[in-house]
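S.K.: File name input_33.tsv; file contents TSV, C-alpha atoms; full text below.
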```
chain	number	residue	atom	x	y	z
A	22	MET	CA	-50.96	51.89	-65.44
A	23	LYS	CA	-48.01	49.75	-64.29
A	24	GLU	CA	-45.80	51.72	-66.67
A	25	PHE	CA	-46.95	55.00	-65.09
A	26	TYR	CA	-45.95	53.82	-61.60
A	27	ARG	CA	-42.63	52.52	-62.94
A	28	ASN	CA	-41.90	55.95	-64.40
A	29	ILE	CA	-42.80	57.64	-61.10
A	30	SER	CA	-40.56	55.15	-59.29
A	31	ASP	CA	-37.64	56.05	-61.62
A	32	ALA	CA	-38.23	59.74	-60.88
A	33	LEU	CA	-38.26	59.05	-57.13
A	34	SER	CA	-34.99	57.09	-57.45
A	35	MET	CA	-33.42	60.11	-59.14
A	36	LEU	CA	-34.65	62.42	-56.34
A	37	ASP	CA	-33.40	59.92	-53.74
A	38	GLY	CA	-29.88	60.14	-55.19
A	39	LEU	CA	-30.08	63.93	-55.08
A	40	GLU	CA	-31.32	63.87	-51.49
A	41	GLN	CA	-28.49	61.55	-50.41
A	42	ASP	CA	-25.81	63.65	-52.12
A	43	LEU	CA	-27.17	66.89	-50.72
A	44	ASN	CA	-27.38	65.39	-47.22
A	45	ILE	CA	-30.85	66.85	-46.72
A	46	ARG	CA	-31.46	65.48	-43.26
A	47	HIS	CA	-33.57	66.51	-40.35
A	48	PHE	CA	-31.81	68.01	-37.33
A	49	THR	CA	-33.40	69.56	-34.24
A	50	PRO	CA	-32.24	73.08	-33.23
A	51	ASN	CA	-30.15	71.56	-30.38
A	52	GLU	CA	-28.53	69.08	-32.76
A	53	LEU	CA	-27.77	71.89	-35.20
A	54	LYS	CA	-26.16	73.90	-32.38
A	55	VAL	CA	-23.90	70.96	-31.57
A	56	PHE	CA	-23.13	70.48	-35.27
A	57	TYR	CA	-22.25	74.17	-35.75
A	58	THR	CA	-20.02	74.00	-32.66
A	59	ILE	CA	-18.16	71.05	-34.22
A	60	ILE	CA	-17.71	73.03	-37.45
A	61	ILE	CA	-16.45	76.13	-35.61
A	62	ARG	CA	-14.08	74.03	-33.48
A	63	ALA	CA	-12.84	72.28	-36.65
A	64	ALA	CA	-11.84	75.67	-38.05
A	65	HIS	CA	-9.57	76.17	-35.00
A	66	ASN	CA	-8.20	72.66	-34.85
A	67	GLU	CA	-8.09	70.50	-37.95
A	68	HIS	CA	-7.08	67.42	-35.90
A	69	GLY	CA	-10.52	67.46	-34.25
A	70	SER	CA	-11.83	68.54	-30.89
A	71	ASN	CA	-12.68	66.54	-27.81
A	72	ILE	CA	-16.21	66.05	-26.51
A	73	THR	CA	-15.61	68.15	-23.39
A	74	ASP	CA	-14.73	71.14	-25.61
A	75	ILE	CA	-17.92	70.66	-27.63
A	76	VAL	CA	-20.06	70.39	-24.47
A	77	GLU	CA	-18.52	73.59	-23.07
A	78	ASN	CA	-18.77	75.57	-26.30
A	79	SER	CA	-22.24	74.46	-27.38
A	80	GLY	CA	-23.90	75.08	-24.01
A	81	MET	CA	-25.76	71.77	-24.38
A	82	SER	CA	-25.89	68.98	-21.82
A	83	ARG	CA	-23.41	66.13	-22.12
A	84	SER	CA	-26.20	63.66	-22.95
A	85	THR	CA	-27.54	65.86	-25.79
A	86	VAL	CA	-24.04	66.19	-27.22
A	87	TYR	CA	-23.48	62.42	-27.00
A	88	LYS	CA	-26.81	61.63	-28.71
A	89	THR	CA	-26.08	64.16	-31.48
A	90	LEU	CA	-22.56	62.83	-32.00
A	91	LYS	CA	-23.95	59.30	-32.30
A	92	LYS	CA	-26.48	60.48	-34.93
A	93	LEU	CA	-23.83	62.43	-36.87
A	94	SER	CA	-21.48	59.47	-36.72
A	95	LEU	CA	-24.18	57.07	-37.99
A	96	GLU	CA	-24.86	59.43	-40.89
A	97	LYS	CA	-21.08	59.45	-41.57
A	98	ILE	CA	-20.86	63.24	-41.14
A	99	ILE	CA	-18.25	62.91	-38.36
A	100	ASN	CA	-15.75	60.32	-37.15
A	101	LEU	CA	-15.08	59.53	-33.49
A	102	HIS	CA	-11.54	58.48	-32.46
A	103	GLN	CA	-10.13	57.70	-29.04
A	104	SER	CA	-7.71	60.41	-27.85
A	105	GLU	CA	-4.05	59.32	-27.75
A	106	GLU	CA	-3.36	61.62	-24.77
A	107	ASP	CA	-6.38	60.64	-22.69
A	108	GLY	CA	-7.92	57.24	-23.32
A	109	ARG	CA	-11.21	58.30	-21.67
A	110	GLU	CA	-11.74	61.13	-24.13
A	111	SER	CA	-13.01	60.85	-27.73
A	112	ILE	CA	-11.91	63.14	-30.56
A	113	VAL	CA	-14.51	64.36	-33.04
A	114	VAL	CA	-13.33	64.83	-36.64
A	115	LEU	CA	-15.48	66.16	-39.48
A	116	ASN	CA	-15.60	63.94	-42.57
A	117	SER	CA	-14.59	65.87	-45.66
B	19	MET	CA	-55.09	54.52	-72.62
B	20	LYS	CA	-55.29	54.67	-68.82
B	21	ASN	CA	-51.53	55.24	-68.70
B	22	PHE	CA	-51.78	58.05	-71.26
B	23	LEU	CA	-54.54	59.78	-69.29
B	24	SER	CA	-52.62	59.49	-66.01
B	25	LEU	CA	-49.39	60.85	-67.43
B	26	SER	CA	-51.21	63.62	-69.34
B	27	LEU	CA	-53.06	64.74	-66.21
B	28	THR	CA	-49.87	64.57	-64.12
B	29	SER	CA	-47.85	66.54	-66.69
B	30	PHE	CA	-50.56	69.16	-67.15
B	31	LEU	CA	-51.04	69.68	-63.40
B	32	PHE	CA	-47.32	69.70	-62.67
B	33	SER	CA	-46.61	72.23	-65.41
B	34	SER	CA	-49.57	74.47	-64.50
B	35	VAL	CA	-48.86	74.42	-60.76
B	36	LEU	CA	-45.21	75.34	-61.34
B	37	TRP	CA	-46.24	78.17	-63.67
B	38	VAL	CA	-48.75	79.55	-61.13
B	39	LEU	CA	-46.14	79.31	-58.36
B	40	TRP	CA	-43.50	81.01	-60.54
B	41	HIS	CA	-45.96	83.74	-61.60
B	42	PHE	CA	-46.97	84.38	-57.98
B	43	ILE	CA	-43.33	84.73	-56.92
B	44	ASP	CA	-42.55	86.92	-59.93
B	45	THR	CA	-45.42	89.30	-59.23
B	46	HIS	CA	-45.96	89.22	-55.46
B	47	VAL	CA	-42.82	88.24	-53.57
B	48	LEU	CA	-41.17	91.59	-52.81
B	49	PHE	CA	-37.45	91.03	-53.36
B	50	LEU	CA	-38.01	88.54	-56.20
B	51	ALA	CA	-40.74	90.48	-58.04
B	52	GLY	CA	-39.79	91.10	-61.66
B	53	LYS	CA	-36.82	88.74	-61.44
B	54	GLY	CA	-38.78	85.62	-62.42
B	55	GLY	CA	-36.77	85.26	-65.61
B	56	LEU	CA	-33.80	84.20	-63.50
B	57	PHE	CA	-35.56	81.17	-62.00
B	58	TYR	CA	-38.10	79.80	-64.46
B	59	LEU	CA	-39.56	76.93	-62.42
B	60	PRO	CA	-41.75	75.31	-65.16
B	61	HIS	CA	-38.67	74.13	-67.07
B	62	ALA	CA	-38.45	71.36	-64.44
B	63	ALA	CA	-41.87	70.06	-65.52
B	64	ARG	CA	-40.74	69.95	-69.18
B	65	VAL	CA	-37.60	67.99	-68.30
B	66	LEU	CA	-39.10	65.57	-65.77
B	67	CYS	CA	-42.26	64.79	-67.74
B	68	VAL	CA	-40.51	64.23	-71.09
B	69	VAL	CA	-37.70	62.18	-69.53
B	70	TYR	CA	-39.96	59.94	-67.44
B	71	PHE	CA	-43.16	59.83	-69.53
B	72	GLY	CA	-41.69	60.24	-73.01
B	73	TRP	CA	-43.18	61.99	-76.05
B	74	LYS	CA	-46.72	61.20	-74.80
B	75	ALA	CA	-46.34	64.00	-72.25
B	76	ILE	CA	-45.76	66.68	-74.93
B	77	PRO	CA	-49.44	67.57	-75.69
B	78	SER	CA	-50.37	68.03	-72.01
B	79	LEU	CA	-47.16	69.95	-71.30
B	80	TYR	CA	-47.92	72.24	-74.24
B	81	LEU	CA	-51.44	72.80	-72.91
B	82	GLY	CA	-49.96	73.51	-69.48
B	83	GLU	CA	-47.56	76.06	-71.03
B	84	LEU	CA	-50.46	77.85	-72.74
B	85	ILE	CA	-53.00	77.82	-69.94
B	86	GLY	CA	-51.17	80.14	-67.52
B	87	PRO	CA	-50.35	83.07	-69.82
B	88	ASN	CA	-53.70	82.77	-71.66
B	89	VAL	CA	-56.13	82.13	-68.81
B	90	ILE	CA	-54.55	83.32	-65.55
B	91	ASP	CA	-52.74	86.42	-66.84
B	92	PRO	CA	-53.90	87.08	-70.44
B	93	GLY	CA	-52.10	90.42	-70.77
B	94	MET	CA	-48.74	89.03	-69.78
B	95	TYR	CA	-47.24	88.83	-73.28
B	96	SER	CA	-47.77	91.25	-76.14
B	97	PHE	CA	-47.48	88.46	-78.74
B	98	SER	CA	-48.94	85.01	-79.33
B	99	ILE	CA	-47.07	82.35	-77.37
B	100	LEU	CA	-48.32	79.42	-79.46
B	101	VAL	CA	-44.99	78.90	-81.25
B	102	PRO	CA	-42.55	79.91	-78.44
B	103	SER	CA	-44.33	77.54	-76.01
B	104	LEU	CA	-44.11	74.70	-78.50
B	105	ILE	CA	-40.38	75.36	-79.01
B	106	SER	CA	-39.88	75.36	-75.22
B	107	VAL	CA	-41.61	71.99	-74.80
B	108	ILE	CA	-39.80	70.51	-77.82
B	109	SER	CA	-36.40	71.65	-76.45
B	110	VAL	CA	-36.29	68.62	-74.10
B	111	PRO	CA	-36.97	65.88	-76.71
B	112	LEU	CA	-34.54	67.74	-78.97
B	113	SER	CA	-31.79	67.46	-76.36
B	114	LEU	CA	-32.60	63.75	-75.92
B	115	VAL	CA	-32.34	63.24	-79.69
B	116	LEU	CA	-28.99	65.07	-79.72
B	117	LEU	CA	-27.64	62.96	-76.84
B	118	ASN	CA	-28.97	59.80	-78.46
B	119	SER	CA	-27.23	60.65	-81.75
B	120	LEU	CA	-23.99	61.07	-79.79
B	121	GLY	CA	-24.41	57.55	-78.37
B	122	PHE	CA	-25.98	58.50	-75.04
B	123	SER	CA	-29.30	56.69	-75.17
B	124	LEU	CA	-31.76	57.07	-72.31
B	125	GLY	CA	-32.30	54.07	-70.05
B	126	GLN	CA	-32.95	53.21	-66.44
B	127	THR	CA	-30.05	51.01	-65.42
B	128	ARG	CA	-26.48	51.73	-64.35
B	129	ALA	CA	-25.33	50.38	-67.71
B	130	SER	CA	-27.40	52.95	-69.63
B	131	PRO	CA	-25.26	55.77	-71.04
B	132	LEU	CA	-27.95	58.17	-69.86
B	133	ASN	CA	-29.61	56.87	-66.71
B	134	LYS	CA	-33.05	58.20	-65.74
B	135	ARG	CA	-32.30	57.32	-62.12
B	136	ASN	CA	-29.14	59.44	-61.94
B	137	TYR	CA	-29.81	63.08	-61.13
B	138	LYS	CA	-26.52	64.18	-62.71
B	139	HIS	CA	-27.74	62.84	-66.05
B	140	ILE	CA	-31.06	64.65	-65.56
B	141	LEU	CA	-29.11	67.85	-64.88
B	142	LEU	CA	-27.18	67.34	-68.13
B	143	ILE	CA	-30.47	67.04	-70.03
B	144	THR	CA	-31.67	70.18	-68.20
B	145	PHE	CA	-28.56	72.17	-69.29
B	146	ILE	CA	-28.78	71.10	-72.93
B	147	SER	CA	-32.54	71.64	-73.20
B	148	ALA	CA	-32.17	75.07	-71.54
B	149	GLY	CA	-29.60	75.91	-74.23
B	150	PHE	CA	-31.93	74.81	-77.02
B	151	ASN	CA	-34.83	76.69	-75.46
B	152	ALA	CA	-32.81	79.90	-75.03
B	153	LEU	CA	-31.43	79.83	-78.58
B	154	LEU	CA	-34.50	78.70	-80.52
B	155	VAL	CA	-37.14	80.81	-78.72
B	156	ASN	CA	-35.03	83.96	-79.04
B	157	LEU	CA	-34.22	83.12	-82.66
B	158	TYR	CA	-37.95	82.89	-83.35
B	159	LEU	CA	-38.62	86.17	-81.50
B	160	SER	CA	-35.86	88.08	-83.27
B	161	ARG	CA	-36.78	86.70	-86.73
B	162	ASN	CA	-40.38	87.86	-86.21
B	163	ASN	CA	-39.49	91.21	-84.57
B	164	LEU	CA	-41.16	90.21	-81.32
B	165	SER	CA	-40.01	91.12	-77.83
B	166	PHE	CA	-41.13	91.13	-74.22
B	167	SER	CA	-42.55	94.45	-73.03
B	168	SER	CA	-39.59	95.35	-70.82
B	169	ALA	CA	-36.72	93.81	-72.77
B	170	ILE	CA	-35.11	93.53	-76.16
B	171	THR	CA	-34.36	90.22	-77.80
B	172	ASP	CA	-30.57	90.13	-77.58
B	173	ILE	CA	-27.75	87.96	-76.28
B	174	GLU	CA	-28.53	89.14	-72.74
B	175	GLN	CA	-32.02	87.69	-73.05
B	176	VAL	CA	-30.58	84.41	-74.39
B	177	SER	CA	-28.31	84.22	-71.32
B	178	ALA	CA	-31.22	85.08	-69.01
B	179	PHE	CA	-33.32	82.27	-70.56
B	180	LEU	CA	-30.44	79.81	-70.15
B	181	ILE	CA	-29.71	80.74	-66.53
B	182	GLY	CA	-33.41	80.99	-65.67
B	183	ASP	CA	-34.26	77.53	-66.97
B	184	ILE	CA	-31.24	75.86	-65.34
B	185	LEU	CA	-31.69	77.62	-62.00
B	186	GLY	CA	-35.47	77.21	-61.96
B	187	ALA	CA	-35.33	73.49	-62.75
B	188	THR	CA	-32.57	72.91	-60.18
B	189	ILE	CA	-34.60	74.71	-57.48
B	190	VAL	CA	-37.60	72.46	-58.24
B	191	PHE	CA	-35.46	69.27	-58.15
B	192	ILE	CA	-34.02	70.23	-54.74
B	193	LEU	CA	-37.44	71.25	-53.42
B	194	LEU	CA	-38.97	67.96	-54.57
B	195	ALA	CA	-36.13	65.98	-52.99
B	196	TYR	CA	-36.71	67.87	-49.73
B	197	LEU	CA	-40.53	67.68	-49.77
B	198	LEU	CA	-40.59	64.00	-50.74
B	199	LYS	CA	-37.93	63.11	-48.17
B	200	PRO	CA	-40.29	60.97	-45.99
B	201	VAL	CA	-41.49	59.02	-49.07
B	202	LEU	CA	-37.94	58.52	-50.33
B	203	ARG	CA	-36.74	57.36	-46.90
B	204	GLN	CA	-39.64	54.92	-46.57
B	205	ALA	CA	-38.97	53.52	-50.04
B	206	ARG	CA	-35.26	53.14	-49.22
B	207	ASN	CA	-36.00	51.19	-46.03
B	208	GLN	CA	-38.37	48.77	-47.74
```
What does this structure look like when you write it as structure tokens?
M.R.:
Amino acid sequence: MKEFYRNISDALSMLDGLEQDLNIRHFTPNELKVFYTIIIRAAHNEHGSNITDIVENSGMSRSTVYKTLKKLSLEKIINLHQSEEDGRESIVVLNS
Amino acid sequence: MKNFLSLSLTSFLFSSVLWVLWHFIDTHVLFLAGKGGLFYLPHAARVLCVVYFGWKAIPSLYLGELIGPNVIDPGMYSFSILVPSLISVISVPLSLVLLNSLGFSLGQTRASPLNKRNYKHILLITFISAGFNALLVNLYLSRNNLSFSSAITDIEQVSAFLIGDILGATIVFILLAYLLKPVLRQARNQ
């Protein structure tokens, strides 16, 4: 019986690798809207867009955008850099 | 014995459920009806069960292959599927034997040339076994002058088998990864 569970565990490890590589993660509709906004903005500006732009274009509140950016950053989907022009502003860059 | 029963029951259920699901989509889902050959889901059961449970899974997989077309939809094929089903199940161990003879033995560590825990290696086994299945089943059909009711046994059918098995198995792998996401996440955090 132990062998059976070991085999199942090996199969789950394989699926785990697939899940990680496919980035199958759960996002709420609001988070997806913010994410899509980042992608659309990235198409216009490859150097990244600032958070104010994302707030204005997504139609979401600043706090929702901040929470989403934190989640995306933790999952290594985006990178956040401090703007060279305005130290108070952060620049969002999509990870390739 | 307990292990054999567990893996036999798992393989049989997995294979049968995938066949029923595939058959339902092929016959009832409007835009996919009649196109089931392009996404043959049960090939995933053949690959996963043989890779993870070994040769012991072959009898139950074979039974699972036979049960759908013989019990659920007996008029589905105009010929006996006893031999084609056996060839389909055997296609996976055959690909493992081929890989083993080339020096890629199956194991479960990073050092193994063929790692059970690496989905890319499982996909390689899926591709090779789909190739064996497509070639050998169609060879058997053409040698015995057998064909499906709406098709002729030709190179197009070989390609359809190949694509169908690869696509079907890949869809099941992705679906499983998505459906088992909470379990996988919990296991990762432990």
S.K.: Within 6 Å of chain A, which residues of chain B show up when using only C-alpha atoms, listed as a PyMOL selection string?
M.R.: chain B and resi 21+70+135-137+195+202
S.K.: Hey, can you check how far atom CA of Thr45 of chain B sits from atom CA of Leu31 of chain B?
M.R.: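 Interatomic distance here is 20.8 Å.
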S.K.: Contacts of Gln103 of chain A at 12 Å or less, counting all atoms listed in the file, minus same-chain residues fewer than 3 places along, as a list in words?
M.R.: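 Non-adjacent residues within range: Gly69, Ser70, Asn71, Ile72, Asn100, Glu106, Asp107, Gly108, Arg109, Glu110, Ser111, Ile112, Val113 and Val114 of chain A.
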S.K.: Env of His61 of chain B: 8 Å cut, atoms = all atoms listed in the file, seq-sep filter 5 positions within chain, self excluded. Answer as a ChimeraX atom specification.
M.R.: /B:148,183-184,186-187
S.K.: Can you work out the spacing between atom CA of Asn118 of chain B and atom CA of Ala75 of chain B in Å, to one decimal?
M.R.: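 Here the two named atoms are 18.9 Å from each other.
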S.K.: Mind giving me the straight-line distance from atom CA of Pro50 of chain A to atom CA of His65 of chain A in Å, one decimal?
M.R.: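 Computing the Euclidean distance for atom CA of Pro50 of chain A and atom CA of His65 of chain A yields 22.9 Å.
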S.K.: For Glu52 of chain A, find every residue with an atom within 8 Å (counting only C-alpha atoms), except residues of its own chain fewer than 3 positions away, and show them as number ranges by chain.
M.R.: A: 48-49, 55-56, 85-86, 89
S.K.: Please provide as a list in words all residues within 9 Å of Glu83 of chain B, with the sequence filter that same-chain residues fewer than 5 positions apart are discarded (counting all atoms listed in the file).
M.R.: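 Counting only the stated atoms, we get Phe30, Ser33, Ser34, Trp37, Pro60, Ser78, Ile99, Ser103, Leu104, Ser106 and Val107 of chain B.
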S.K.: Give me, as a CSV table (one decimal) with C-alpha atoms, in the coordinates of the input, all polymer residues having an atom no more than 7 Å from Asn156 of chain B, counting all atoms listed in the file and skipping those fewer than 3 positions away in the same chain.
M.R.:
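Dumped to around07.csv:
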```csv
chain,number,residue,atom,x,y,z
B,152,ALA,CA,-32.8,79.9,-75.0
B,153,LEU,CA,-31.4,79.8,-78.6
B,159,LEU,CA,-38.6,86.2,-81.5
B,160,SER,CA,-35.9,88.1,-83.3
B,171,THR,CA,-34.4,90.2,-77.8
B,176,VAL,CA,-30.6,84.4,-74.4
```
S.K.: From the list B:Thr127, B:Ser109, B:Asn162, B:Ser119, which residue is nearest Tyr80 of chain B when using all atoms listed in the file?
M.R.: B:Ser109
S.K.: From the set B:Leu39, B:Ile76, B:Val190, B:Leu56, which residue has the shortest atom-to-atom contact distance to Leu27 of chain B, counting all atoms listed in the file?
M.R.: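 Checking each candidate against Leu27 of chain B, we get B:Ile76 as the closest.
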S.K.: Can you work out which one of B:Leu132, B:Val115, B:Ala205, B:Ile189 has the shortest atom-to-atom distance to Ala63 of chain B, counting all atoms listed in the file?
M.R.: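 Among B:Leu132, B:Val115, B:Ala205, B:Ile189, it is B:Ile189 that comes nearest to Ala63 of chain B.
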S.K.: Compare A:His68, A:Thr58, A:Asn51, A:Asn116 by their minimum atom-to-atom distance to Leu95 of chain A, counting only C-alpha atoms, and give me the closest one.
M.R.: A:Asn116
S.K.: Return as AutoDock Vina command-line options the box centre and box size in Å, one decimal, for an axis-aligned box around all listed atoms of segment 84-90 of chain B padded by 4 Å per side.
M.R.:
```
--center_x -53.2 --center_y 80.6 --center_z -69.1 --size_x 13.8 --size_y 13.5 --size_z 15.2
```
